[in-house]
>>> print(open('model_37.tsv').read())   # TSV, C-alpha atoms
chain	number	residue	atom	x	y	z
A	1	MET	CA	0.00	0.00	0.00
A	2	GLN	CA	2.92	2.34	0.70
A	3	SER	CA	4.21	1.98	-2.88
A	4	ILE	CA	0.72	2.72	-4.23
A	5	ALA	CA	0.44	5.86	-2.11
A	6	LYS	CA	3.84	7.08	-3.32
A	7	ARG	CA	2.89	6.44	-6.91
A	8	LEU	CA	-0.37	8.35	-6.52
A	9	TRP	CA	1.46	11.38	-5.16
A	10	SER	CA	3.98	11.12	-7.99
A	11	ILE	CA	1.11	11.24	-10.48
A	12	VAL	CA	-0.30	14.37	-8.85
A	13	SER	CA	3.12	16.02	-9.02
A	14	LEU	CA	3.44	15.13	-12.71
A	15	ALA	CA	0.01	16.56	-13.39
A	16	ARG	CA	1.19	19.89	-12.02
A	17	LEU	CA	4.21	19.86	-14.33
A	18	ALA	CA	2.32	18.86	-17.47
A	19	GLU	CA	-0.36	21.45	-18.14
A	20	SER	CA	-3.54	19.60	-17.26
A	21	GLU	CA	-6.47	19.79	-19.69
A	22	SER	CA	-8.98	18.92	-17.00
A	23	ALA	CA	-11.47	21.55	-15.87
A	24	ASP	CA	-10.38	21.23	-12.21
A	25	LYS	CA	-6.61	21.28	-12.69
A	26	ALA	CA	-6.03	23.57	-9.72
A	27	ASN	CA	-7.60	21.10	-7.31
A	28	GLN	CA	-4.96	18.44	-6.75
A	29	PHE	CA	-7.05	16.51	-4.26
A	30	SER	CA	-9.94	16.33	-6.70
A	31	PHE	CA	-7.52	15.15	-9.39
A	32	LEU	CA	-6.24	12.44	-7.08
A	33	MET	CA	-9.73	11.25	-6.22
A	34	ARG	CA	-10.70	10.97	-9.87
A	35	VAL	CA	-7.60	8.91	-10.57
A	36	VAL	CA	-8.54	6.65	-7.67
A	37	CYS	CA	-12.07	6.33	-9.09
A	38	VAL	CA	-10.63	5.15	-12.41
A	39	PHE	CA	-8.46	2.49	-10.79
A	40	TYR	CA	-11.29	1.39	-8.50
A	41	TYR	CA	-12.62	-0.58	-11.45
A	42	SER	CA	-9.70	-2.98	-10.95
A	43	LYS	CA	-10.63	-5.37	-8.18
A	44	THR	CA	-7.23	-6.60	-6.98
A	45	LEU	CA	-4.35	-4.73	-5.36
A	46	ASP	CA	-1.89	-6.10	-7.91
A	47	SER	CA	-3.95	-4.84	-10.84
A	48	VAL	CA	-4.23	-1.40	-9.23
A	49	ARG	CA	-0.45	-1.31	-8.78
A	50	ILE	CA	0.11	-2.22	-12.45
A	51	LEU	CA	-2.37	0.39	-13.69
A	52	LEU	CA	-0.83	3.06	-11.51
A	53	TYR	CA	2.64	2.22	-12.80
A	54	ARG	CA	1.43	2.48	-16.41
A	55	TYR	CA	-0.34	5.76	-15.74
A	56	GLU	CA	2.66	7.24	-13.97
A	57	THR	CA	4.87	6.19	-16.89
A	58	ALA	CA	2.51	7.82	-19.38
A	59	MET	CA	2.29	11.05	-17.37
A	60	ARG	CA	6.07	11.20	-17.07
A	61	ALA	CA	6.43	10.68	-20.83
A	62	LEU	CA	3.95	13.50	-21.47
A	63	GLN	CA	5.86	15.85	-19.16
A	64	GLU	CA	9.14	15.04	-20.94
A	65	VAL	CA	7.62	15.72	-24.37
A	66	ILE	CA	6.19	19.05	-23.17
A	67	ALA	CA	9.54	20.06	-21.64
A	68	ALA	CA	11.40	19.32	-24.88
A	69	MET	CA	8.84	21.29	-26.91
A	70	GLN	CA	9.03	24.27	-24.57
A	71	THR	CA	12.80	24.51	-25.07
A	72	GLY	CA	12.53	24.11	-28.85
A	73	SER	CA	14.37	20.77	-28.84
A	74	TRP	CA	12.29	19.34	-31.65
A	75	GLU	CA	14.53	16.39	-32.54
A	76	ASP	CA	14.62	15.31	-28.89
A	77	ALA	CA	10.87	15.81	-28.66
A	78	HIS	CA	10.44	13.61	-31.73
A	79	VAL	CA	12.46	10.80	-30.15
A	80	LEU	CA	10.37	11.01	-26.97
A	81	TYR	CA	7.13	11.10	-28.97
A	82	ALA	CA	8.17	8.09	-31.09
A	83	THR	CA	9.13	6.12	-27.98
A	84	ALA	CA	5.83	6.87	-26.29
A	85	LYS	CA	3.93	5.96	-29.46
A	86	ALA	CA	5.67	2.57	-29.61
A	87	THR	CA	4.93	1.95	-25.91
A	88	TRP	CA	1.26	2.77	-26.42
A	89	GLN	CA	1.01	0.52	-29.48
A	90	GLU	CA	2.60	-2.37	-27.59
A	91	MET	CA	0.17	-1.80	-24.72
A	92	LYS	CA	-2.84	-1.82	-27.06
A	93	ASP	CA	-1.62	-5.06	-28.65
A	94	SER	CA	-0.97	-6.89	-25.38
A	95	CYS	CA	-3.49	-5.53	-22.86
A	96	ASP	CA	-7.25	-5.47	-22.50
A	97	LEU	CA	-8.17	-1.78	-22.34
A	98	SER	CA	-11.92	-2.18	-22.74
A	99	HIS	CA	-12.51	-0.91	-19.19
A	100	GLN	CA	-11.10	2.48	-20.22
A	101	GLU	CA	-13.48	2.78	-23.16
A	102	GLN	CA	-16.46	2.10	-20.90
A	103	LEU	CA	-15.66	4.93	-18.52
A	104	PRO	CA	-17.54	8.24	-18.80
A	105	VAL	CA	-15.48	10.99	-20.42
A	106	PHE	CA	-14.94	12.83	-17.13
A	107	LEU	CA	-13.09	9.76	-15.82
A	108	ARG	CA	-11.68	8.52	-19.12
A	109	CYS	CA	-9.42	11.59	-19.29
A	110	PHE	CA	-7.49	10.11	-16.34
A	111	THR	CA	-6.56	6.91	-18.14
A	112	VAL	CA	-3.38	5.69	-19.79
A	113	GLY	CA	-5.01	5.82	-23.22
A	114	TRP	CA	-6.04	9.45	-22.86
A	115	THR	CA	-2.54	10.45	-21.73
A	116	TYR	CA	-0.79	8.68	-24.60
A	117	THR	CA	-3.27	10.20	-27.04
A	118	ARG	CA	-2.31	13.64	-25.73
A	119	ILE	CA	1.30	12.75	-26.54
A	120	LEU	CA	0.33	11.67	-30.07
A	121	SER	CA	-1.58	14.93	-30.50
A	122	ARG	CA	1.55	16.85	-29.54
A	123	GLY	CA	3.45	14.64	-31.94
A	124	VAL	CA	1.50	16.29	-34.76
A	125	GLU	CA	2.99	19.66	-33.85
A	126	ILE	CA	6.45	18.11	-33.50
A	127	LEU	CA	6.24	16.56	-36.97
A	128	GLN	CA	5.05	19.83	-38.46
A	129	ARG	CA	7.93	21.73	-36.85
A	130	LEU	CA	10.27	19.24	-38.50
A	131	ARG	CA	8.41	19.71	-41.82
A	132	ARG	CA	7.39	16.06	-41.92
A	133	TYR	CA	3.93	16.87	-43.19
A	134	GLU	CA	3.11	13.44	-44.62
A	135	ASN	CA	3.87	11.86	-41.25
A	136	SER	CA	1.79	14.56	-39.58
A	137	VAL	CA	-1.19	13.77	-41.82
A	138	GLU	CA	-0.80	10.06	-41.09
A	139	GLU	CA	-0.79	10.72	-37.35
A	140	LEU	CA	-3.85	12.96	-37.64
A	141	ARG	CA	-5.75	10.27	-39.53
A	142	ASN	CA	-4.83	7.76	-36.84
A	143	LEU	CA	-6.04	10.09	-34.11
A	144	LEU	CA	-9.32	10.75	-35.92
A	145	SER	CA	-9.91	7.06	-36.54
A	146	GLN	CA	-10.49	6.45	-32.83
A	147	PRO	CA	-13.52	7.98	-31.07
A	148	VAL	CA	-12.51	7.19	-27.48
A	149	TYR	CA	-9.68	9.45	-26.32
A	150	CYS	CA	-9.30	13.25	-26.35
A	151	VAL	CA	-12.65	13.70	-28.05
A	152	ASP	CA	-12.55	17.42	-27.27
A	153	SER	CA	-9.56	17.76	-29.63
A	154	ARG	CA	-11.19	16.37	-32.75
A	155	GLY	CA	-12.15	19.76	-34.18
A	156	ARG	CA	-8.55	20.95	-33.87
A	157	TRP	CA	-7.30	17.75	-35.53
A	158	TRP	CA	-9.64	18.22	-38.51
A	159	ASP	CA	-8.53	21.83	-38.87
A	160	ARG	CA	-4.89	20.79	-38.91
A	161	LEU	CA	-5.53	17.95	-41.36
A	162	ALA	CA	-7.24	20.26	-43.85
A	163	LEU	CA	-4.42	22.80	-43.50
A	164	ASN	CA	-1.69	20.21	-44.10
A	165	LEU	CA	-3.45	18.70	-47.11
A	166	GLN	CA	-4.13	22.03	-48.77
A	167	GLN	CA	-1.14	24.22	-47.93
A	168	HIS	CA	1.72	21.83	-47.38
A	169	LEU	CA	0.95	18.74	-49.48
A	170	LYS	CA	-1.12	20.53	-52.16
A	171	GLN	CA	-3.70	17.72	-52.18
A	172	HIS	CA	-6.59	20.11	-52.83
A	173	GLU	CA	-8.98	17.42	-54.05
A	174	GLN	CA	-9.18	15.92	-50.54
A	175	VAL	CA	-10.08	19.17	-48.81
A	176	PRO	CA	-13.69	20.09	-49.83
A	177	HIS	CA	-15.43	17.25	-48.00
A	178	LEU	CA	-13.34	17.94	-44.91
A	179	ILE	CA	-14.46	21.55	-44.80
A	180	VAL	CA	-18.18	20.89	-44.56
A	181	ASN	CA	-18.74	17.35	-43.47
A	182	ILE	CA	-16.15	17.21	-40.72
A	183	ASN	CA	-14.50	20.51	-39.94
A	184	ARG	CA	-17.15	21.80	-37.59
A	185	HIS	CA	-15.09	24.69	-36.33
A	186	PHE	CA	-14.84	26.13	-39.85
A	187	VAL	CA	-18.60	25.87	-40.22
A	188	PHE	CA	-19.23	27.63	-36.93
A	189	ARG	CA	-16.93	30.50	-37.88
A	190	LEU	CA	-18.82	30.70	-41.19
A	191	VAL	CA	-22.16	30.95	-39.39
A	192	LEU	CA	-20.86	33.78	-37.24
A	193	HIS	CA	-19.56	35.58	-40.33
A	194	HIS	CA	-23.02	35.54	-41.90
A	195	SER	CA	-24.95	36.17	-38.70
A	196	ARG	CA	-26.94	39.36	-38.33
A	197	PHE	CA	-25.65	39.72	-34.76
A	198	THR	CA	-22.41	41.46	-33.78
A	199	ILE	CA	-22.35	39.36	-30.70
A	200	LEU	CA	-21.20	36.65	-28.38
A	201	CYS	CA	-21.38	33.02	-29.38
A	202	ILE	CA	-20.76	29.66	-27.73
A	203	HIS	CA	-20.35	26.37	-29.52
A	204	GLY	CA	-21.24	24.00	-26.74
A	205	GLU	CA	-24.16	21.88	-27.92
A	206	GLY	CA	-25.70	20.31	-24.82
A	207	SER	CA	-22.93	21.36	-22.44
A	208	THR	CA	-24.02	25.01	-22.52
A	209	PHE	CA	-27.46	24.13	-21.20
A	210	SER	CA	-26.33	21.37	-18.85
A	211	THR	CA	-23.92	23.87	-17.28
A	212	LEU	CA	-26.72	26.40	-16.81
A	213	PHE	CA	-28.93	23.62	-15.44
A	214	GLY	CA	-26.26	22.66	-12.93
A	215	LEU	CA	-25.66	26.25	-11.84
A	216	LEU	CA	-29.33	27.16	-11.47
A	217	MET	CA	-30.19	23.89	-9.69
A	218	TRP	CA	-27.00	23.26	-7.67
A	219	ASP	CA	-28.58	23.25	-4.21
A	220	ILE	CA	-31.36	20.94	-5.38
A	221	ILE	CA	-29.00	18.54	-7.15
A	222	PHE	CA	-26.90	18.18	-3.99
A	223	ILE	CA	-29.78	18.51	-1.54
A	224	ASP	CA	-29.60	16.54	1.72
A	225	GLY	CA	-32.27	14.10	2.76
A	226	VAL	CA	-32.67	12.01	-0.40
A	227	PRO	CA	-31.74	8.46	0.67
A	228	ASP	CA	-28.98	6.44	-0.99
A	229	VAL	CA	-28.08	8.91	-3.75
A	230	PHE	CA	-24.73	9.91	-2.21
A	231	ARG	CA	-22.59	6.98	-1.11
A	232	ASN	CA	-19.29	8.83	-0.79
A	233	PRO	CA	-18.18	12.49	-0.57
A	234	TYR	CA	-16.42	12.40	-3.95
A	235	GLN	CA	-19.46	11.87	-6.19
A	236	THR	CA	-19.89	14.38	-8.98
A	237	CYS	CA	-23.66	13.91	-9.10
A	238	PRO	CA	-26.40	12.02	-7.25
A	239	LEU	CA	-26.82	8.39	-8.27
A	240	ASP	CA	-30.39	9.00	-9.42
A	241	LEU	CA	-29.58	11.88	-11.81
A	242	HIS	CA	-29.96	9.76	-14.94
A	243	THR	CA	-33.18	8.11	-13.77
A	244	ASP	CA	-36.82	9.12	-13.36
A	245	CYS	CA	-36.25	9.05	-9.59
A	246	PHE	CA	-34.30	12.32	-9.74
A	247	TYR	CA	-37.44	14.33	-10.42
A	248	GLY	CA	-39.66	12.14	-8.25
A	249	ASN	CA	-37.37	12.45	-5.24
A	250	ARG	CA	-37.29	16.26	-5.50
A	251	ARG	CA	-40.60	17.08	-7.17
A	252	GLU	CA	-41.70	19.89	-4.86
A	253	THR	CA	-38.35	21.69	-4.75
A	254	ILE	CA	-37.87	21.37	-8.53
A	255	GLU	CA	-41.35	22.73	-9.27
A	256	ALA	CA	-40.78	25.59	-6.83
A	257	ARG	CA	-37.46	26.46	-8.47
A	258	ALA	CA	-39.00	26.34	-11.95
A	259	GLU	CA	-41.76	28.72	-10.82
A	260	MET	CA	-39.22	31.04	-9.22
A	261	LEU	CA	-37.16	31.13	-12.44
A	262	ARG	CA	-40.29	31.76	-14.49
A	263	GLU	CA	-41.05	34.92	-12.51
A	264	ALA	CA	-37.46	36.05	-12.04
A	265	SER	CA	-36.12	39.28	-13.49
A	266	ALA	CA	-32.86	39.43	-15.39
A	267	GLU	CA	-31.15	40.89	-12.32
A	268	MET	CA	-32.43	38.07	-10.11
A	269	LEU	CA	-31.23	35.42	-12.56
A	270	GLN	CA	-27.79	37.01	-12.65
A	271	GLU	CA	-27.66	37.17	-8.85
A	272	LEU	CA	-28.67	33.51	-8.49
A	273	LEU	CA	-25.99	32.50	-10.97
A	274	ALA	CA	-23.34	34.60	-9.22
A	275	ASP	CA	-24.13	33.12	-5.80
A	276	VAL	CA	-23.54	29.57	-7.02
A	277	TRP	CA	-20.59	30.45	-9.24
A	278	ASN	CA	-18.72	32.30	-6.47
A	279	ALA	CA	-19.40	29.57	-3.91
A	280	GLN	CA	-18.75	26.49	-6.05
A	281	GLU	CA	-16.42	27.47	-8.92
A	282	GLY	CA	-13.99	24.66	-9.73
A	283	ARG	CA	-15.84	21.96	-7.83
A	284	VAL	CA	-16.36	18.85	-9.90
A	285	CYS	CA	-19.92	18.31	-11.07
A	286	VAL	CA	-20.79	16.08	-14.00
A	287	LEU	CA	-23.28	18.66	-15.27
A	288	ILE	CA	-20.95	21.63	-15.30
A	289	ASN	CA	-18.07	22.56	-17.57
A	290	TRP	CA	-16.49	25.52	-15.77
A	291	GLU	CA	-14.64	26.46	-18.94
A	292	ARG	CA	-17.78	26.64	-21.07
A	293	PHE	CA	-18.08	30.33	-20.27
A	294	SER	CA	-15.08	32.62	-20.37
A	295	SER	CA	-16.24	34.32	-17.16
A	296	LEU	CA	-19.13	34.69	-14.75
A	297	GLN	CA	-20.04	37.91	-16.54
A	298	GLN	CA	-20.44	36.08	-19.85
A	299	ALA	CA	-22.73	33.50	-18.25
A	300	GLN	CA	-24.74	36.27	-16.61
A	301	SER	CA	-25.15	38.10	-19.91
A	302	LEU	CA	-26.54	34.92	-21.48
A	303	VAL	CA	-29.13	34.18	-18.78
A	304	ALA	CA	-30.25	37.81	-18.92
A	305	CYS	CA	-30.93	37.38	-22.65
A	306	LEU	CA	-32.58	33.97	-22.35
A	307	GLY	CA	-34.96	35.13	-19.65
A	308	GLY	CA	-36.72	33.35	-16.80
A	309	HIS	CA	-39.61	31.87	-18.79
A	310	PHE	CA	-37.27	30.13	-21.24
A	311	LEU	CA	-34.83	28.92	-18.56
A	312	SER	CA	-37.66	27.61	-16.41
A	313	GLY	CA	-38.94	25.45	-19.27
A	314	VAL	CA	-35.50	24.07	-20.11
A	315	VAL	CA	-34.62	23.35	-16.48
A	316	LEU	CA	-37.92	21.57	-15.85
A	317	ARG	CA	-37.57	19.41	-18.94
A	318	MET	CA	-34.01	18.41	-18.08
A	319	ALA	CA	-34.92	17.70	-14.46
A	320	LYS	CA	-37.71	15.34	-15.46
A	321	ASP	CA	-35.62	13.23	-17.84
A	322	TYR	CA	-31.98	14.32	-17.94
A	323	ARG	CA	-30.80	11.02	-19.38
A	324	HIS	CA	-32.72	11.50	-22.62
A	325	CYS	CA	-32.71	15.31	-22.72
A	326	ARG	CA	-28.98	15.99	-22.48
A	327	GLY	CA	-28.53	15.28	-26.21
A	328	GLY	CA	-30.06	16.99	-29.23
A	329	LEU	CA	-29.66	20.62	-28.17
A	330	PRO	CA	-28.51	23.14	-30.82
A	331	ASP	CA	-24.84	23.53	-31.67
A	332	LEU	CA	-24.64	27.30	-31.23
A	333	VAL	CA	-26.00	29.86	-28.81
A	334	VAL	CA	-25.68	33.36	-30.24
A	335	TRP	CA	-26.73	36.44	-28.30
A	336	SER	CA	-26.46	40.21	-28.26
A	337	THR	CA	-25.81	42.02	-25.01
A	338	SER	CA	-27.01	45.29	-26.53
A	339	ASN	CA	-30.54	44.35	-27.62
A	340	LYS	CA	-30.97	41.24	-25.41
A	341	LYS	CA	-31.85	39.03	-28.38
A	342	TYR	CA	-30.58	35.50	-28.94
A	343	LYS	CA	-30.67	32.74	-31.50
A	344	LEU	CA	-30.17	28.97	-31.15
A	345	VAL	CA	-28.59	27.45	-34.26
A	346	GLU	CA	-28.25	23.83	-35.36
A	347	VAL	CA	-25.62	23.50	-38.12
A	348	LYS	CA	-25.96	20.79	-40.77
A	349	GLY	CA	-23.65	19.89	-43.63
A	350	PRO	CA	-24.60	18.17	-46.90
A	351	ASN	CA	-26.62	14.96	-46.44
A	352	ASP	CA	-26.80	15.66	-42.71
A	353	ARG	CA	-30.29	15.46	-41.25
A	354	LEU	CA	-31.84	16.38	-37.94
A	355	SER	CA	-32.03	13.50	-35.50
A	356	GLN	CA	-35.26	12.76	-33.68
A	357	LYS	CA	-33.84	14.22	-30.46
A	358	GLN	CA	-32.85	17.40	-32.29
A	359	GLN	CA	-36.31	17.76	-33.82
A	360	ILE	CA	-37.95	17.34	-30.41
A	361	TRP	CA	-35.67	19.89	-28.76
A	362	LEU	CA	-36.05	22.44	-31.57
A	363	ASP	CA	-39.83	22.14	-31.30
A	364	GLU	CA	-39.71	22.46	-27.51
A	365	LEU	CA	-37.37	25.46	-27.64
A	366	HIS	CA	-39.62	27.14	-30.21
A	367	LYS	CA	-42.63	26.63	-27.93
A	368	LEU	CA	-40.66	28.33	-25.14
A	369	GLY	CA	-40.26	31.38	-27.36
A	370	ALA	CA	-36.72	30.82	-28.58
A	371	ASP	CA	-35.56	32.02	-31.99
A	372	VAL	CA	-34.28	28.75	-33.47
A	373	GLU	CA	-32.70	28.12	-36.85
A	374	VAL	CA	-31.24	25.21	-38.79
A	375	CYS	CA	-28.25	26.36	-40.84
A	376	HIS	CA	-27.51	24.17	-43.89
A	377	VAL	CA	-24.00	24.49	-45.30
A	378	THR	CA	-22.95	23.31	-48.77
A	379	ALA	CA	-19.51	23.08	-50.34
A	380	ILE	CA	-18.57	25.27	-53.29
A	381	GLY	CA	-14.94	24.21	-53.64
A	382	ALA	CA	-11.74	23.66	-51.77
A	383	ARG	CA	-11.56	27.21	-50.46
A	384	GLY	CA	-14.94	27.74	-48.91
A	385	ALA	CA	-18.52	26.94	-48.17
A	386	GLN	CA	-21.81	28.77	-48.35
A	387	ARG	CA	-24.80	29.06	-46.06
A	388	GLU	CA	-28.25	28.34	-47.43
>>> encode(input="model_37.tsv", output="structure tokens")
Amino acid sequence: MQSIAKRLWSIVSLARLAESESADKANQFSFLMRVVCVFYYSKTLDSVRILLYRYETAMRALQEVIAAMQTGSWEDAHVLYATAKATWQEMKDSCDLSHQEQLPVFLRCFTVGWTYTRILSRGVEILQRLRRYENSVEELRNLLSQPVYCVDSRGRWWDRLALNLQQHLKQHEQVPHLIVNINRHFVFRLVLHHSRFTILCIHGEGSTFSTLFGLLMWDIIFIDGVPDVFRNPYQTCPLDLHTDCFYGNRRETIEARAEMLREASAEMLQELLADVWNAQEGRVCVLINWERFSSLQQAQSLVACLGGHFLSGVVLRMAKDYRHCRGGLPDLVVWSTSNKKYKLVEVKGPNDRLSQKQQIWLDELHKLGADVEVCHVTAIGARGAQRE
């Protein structure tokens, strides 16, 4: 047990050296507990020790790659990247990693696979610095072929792939379908360019609304007195959140909060948001991405535009069936702080259709008074796209 404890502390120290991509990077104890949660899935002490050793090795390799990149030692960084890549490939060939794939994303980012994928992602930059663009494209295709690790980096990978193919390798014929079918970030910038608003915009899909839901309902989500929903102090949500019991166990308080939101002024909504934000910022909650908004002020400006009637309807719907309502929300939230107007936009490329969940949400949001729009984008060549 002593060796396991030492290894855990070593991992925390490495996480401070390598810039952590987790939302709660400043909270070392929280980081440690999430690592422990990941390794809890292994039932024996020996298996925990092996997993910790592998994770420590991966974190150390990541820190070494970052250090070499920061000093501009690109050849050394390439050697470290290639070594880590070989280690990861050998591990995938010889070990059963299915338990990592089954973890939720908020725990999966503390696995060996996620850490090695971060190294491979940095390898793309290393290869580009060394002008090895064909190898960079190959690595990007490998990264994009797997949907498990570093899923929040996929947009950046597609951007880089399109850039390498077009500017460095001059393979223009491969670029058009990347621009519209895959390169979502390009599409979102295009929508903003054509928007009538000179405004603020968030590409968050469901995470924008789940974060608002978590902030506006924090005290109810973590309310005392509901039996058996909190079994340890490190839970990021009650055990009944994804079931019908969540609403049933808190019906009166949820209905009262929805009514309060419905009647609330913009100033009251902003005050409620500020109270929770200032008291809880950085605490791990499965509903909340603390980096979704650039600041408390940005979040406050959004709720002031959305208004109490709209927020009440969204909160009530999510509280009644969060499991099935967390998906299907529009890609973009666009709002103007000057005229207090907003628009919810779902972006679709060629041959891309609305899912049933998206249709239901768009209809529900429209009933709540939201200005909703489906933006269809079509390719017109390798250099651009157009909005219909």
>>> closest_residue(input="model_37.tsv", among="A:Gln300, A:Thr243, A:Gln171, A:Thr117", to="Tyr133 in chain A", atoms="only C-alpha atoms")
A:Gln171
>>> atom_distance(input="model_37.tsv", atom1="CA of Ser338 in chain A", atom2="CA of Ser207 in chain A")
24.6 Å
>>> atom_distance(input="model_37.tsv", atom1="CA of Gln167 in chain A", atom2="CA of Gly155 in chain A")
18.2 Å
>>> atom_distance(input="model_37.tsv", atom1="CA of Asp224 in chain A", atom2="CA of Val314 in chain A")
23.8 Å
>>> closest_residue(input="model_37.tsv", among="A:Glu101, A:Glu346, A:Asp219, A:Asp159", to="Val276 in chain A", atoms="all atoms listed in the file")
A:Asp219
>>> residues_around(input="model_37.tsv", residues="Lys343 in chain A", least_positions_apart="5", cutoff="9 Å", atoms="all atoms listed in the file", output="list in words")
Leu332, Val333, Val334, Trp335, Ala370, Asp371, Val372 and Glu373 of chain A
>>> closest_residue(input="model_37.tsv", among="A:Ile221, A:Trp114, A:Cys375, A:Glu64", to="Asp352 in chain A", atoms="all atoms listed in the file")
A:Cys375
>>> closest_residue(input="model_37.tsv", among="A:Asp321, A:Glu267, A:Asp152, A:Glu255", to="His242 in chain A", atoms="all atoms listed in the file")
A:Asp321
>>> build_atoms(input="model_37.tsv", residues="range 64-84 of chain A", atoms="N, CA and C atoms", output="mmCIF file, keeping the file's coordinate frame")
data_model
loop_
_atom_site.group_PDB
_atom_site.id
_atom_site.type_symbol
_atom_site.label_atom_id
_atom_site.label_comp_id
_atom_site.auth_asym_id
_atom_site.auth_seq_id
_atom_site.Cartn_x
_atom_site.Cartn_y
_atom_site.Cartn_z
ATOM 1 N N GLU A 64 7.859 14.939 -20.241
ATOM 2 C CA GLU A 64 9.140 15.040 -20.940
ATOM 3 C C GLU A 64 8.961 15.604 -22.349
ATOM 4 N N VAL A 65 7.898 15.189 -23.025
ATOM 5 C CA VAL A 65 7.620 15.720 -24.370
ATOM 6 C C VAL A 65 7.340 17.221 -24.287
ATOM 7 N N ILE A 66 6.516 17.630 -23.325
ATOM 8 C CA ILE A 66 6.190 19.050 -23.170
ATOM 9 C C ILE A 66 7.449 19.860 -22.871
ATOM 10 N N ALA A 67 8.311 19.339 -21.989
ATOM 11 C CA ALA A 67 9.540 20.060 -21.640
ATOM 12 C C ALA A 67 10.436 20.257 -22.856
ATOM 13 N N ALA A 68 10.564 19.216 -23.680
ATOM 14 C CA ALA A 68 11.400 19.320 -24.880
ATOM 15 C C ALA A 68 10.809 20.332 -25.871
ATOM 16 N N MET A 69 9.490 20.344 -26.006
ATOM 17 C CA MET A 69 8.840 21.290 -26.910
ATOM 18 C C MET A 69 9.009 22.720 -26.428
ATOM 19 N N GLN A 70 8.923 22.921 -25.120
ATOM 20 C CA GLN A 70 9.030 24.270 -24.570
ATOM 21 C C GLN A 70 10.417 24.866 -24.771
ATOM 22 N N THR A 71 11.437 24.015 -24.846
ATOM 23 C CA THR A 71 12.800 24.510 -25.070
ATOM 24 C C THR A 71 13.186 24.516 -26.547
ATOM 25 N N GLY A 72 12.249 24.116 -27.422
ATOM 26 C CA GLY A 72 12.530 24.110 -28.850
ATOM 27 C C GLY A 72 13.416 22.968 -29.302
ATOM 28 N N SER A 73 13.540 21.931 -28.485
ATOM 29 C CA SER A 73 14.370 20.770 -28.840
ATOM 30 C C SER A 73 13.522 19.774 -29.625
ATOM 31 N N TRP A 74 13.262 20.089 -30.877
ATOM 32 C CA TRP A 74 12.290 19.340 -31.650
ATOM 33 C C TRP A 74 12.745 17.935 -31.998
ATOM 34 N N GLU A 75 14.026 17.740 -32.256
ATOM 35 C CA GLU A 75 14.530 16.390 -32.540
ATOM 36 C C GLU A 75 14.404 15.515 -31.293
ATOM 37 N N ASP A 76 14.768 16.067 -30.134
ATOM 38 C CA ASP A 76 14.620 15.310 -28.890
ATOM 39 C C ASP A 76 13.144 15.024 -28.614
ATOM 40 N N ALA A 77 12.309 16.011 -28.858
ATOM 41 C CA ALA A 77 10.870 15.810 -28.660
ATOM 42 C C ALA A 77 10.346 14.711 -29.562
ATOM 43 N N HIS A 78 10.886 14.650 -30.794
ATOM 44 C CA HIS A 78 10.440 13.610 -31.730
ATOM 45 C C HIS A 78 10.831 12.222 -31.233
ATOM 46 N N VAL A 79 12.029 12.097 -30.686
ATOM 47 C CA VAL A 79 12.460 10.800 -30.150
ATOM 48 C C VAL A 79 11.550 10.377 -28.994
ATOM 49 N N LEU A 80 11.245 11.319 -28.105
ATOM 50 C CA LEU A 80 10.370 11.010 -26.970
ATOM 51 C C LEU A 80 8.962 10.645 -27.440
ATOM 52 N N TYR A 81 8.457 11.386 -28.401
ATOM 53 C CA TYR A 81 7.130 11.100 -28.970
ATOM 54 C C TYR A 81 7.093 9.715 -29.608
ATOM 55 N N ALA A 82 8.129 9.391 -30.404
ATOM 56 C CA ALA A 82 8.170 8.090 -31.090
ATOM 57 C C ALA A 82 8.260 6.947 -30.080
ATOM 58 N N THR A 83 9.014 7.147 -29.016
ATOM 59 C CA THR A 83 9.130 6.120 -27.980
ATOM 60 C C THR A 83 7.795 5.892 -27.282
ATOM 61 N N ALA A 84 7.127 6.986 -26.943
ATOM 62 C CA ALA A 84 5.830 6.870 -26.290
ATOM 63 C C ALA A 84 4.805 6.217 -27.206
#
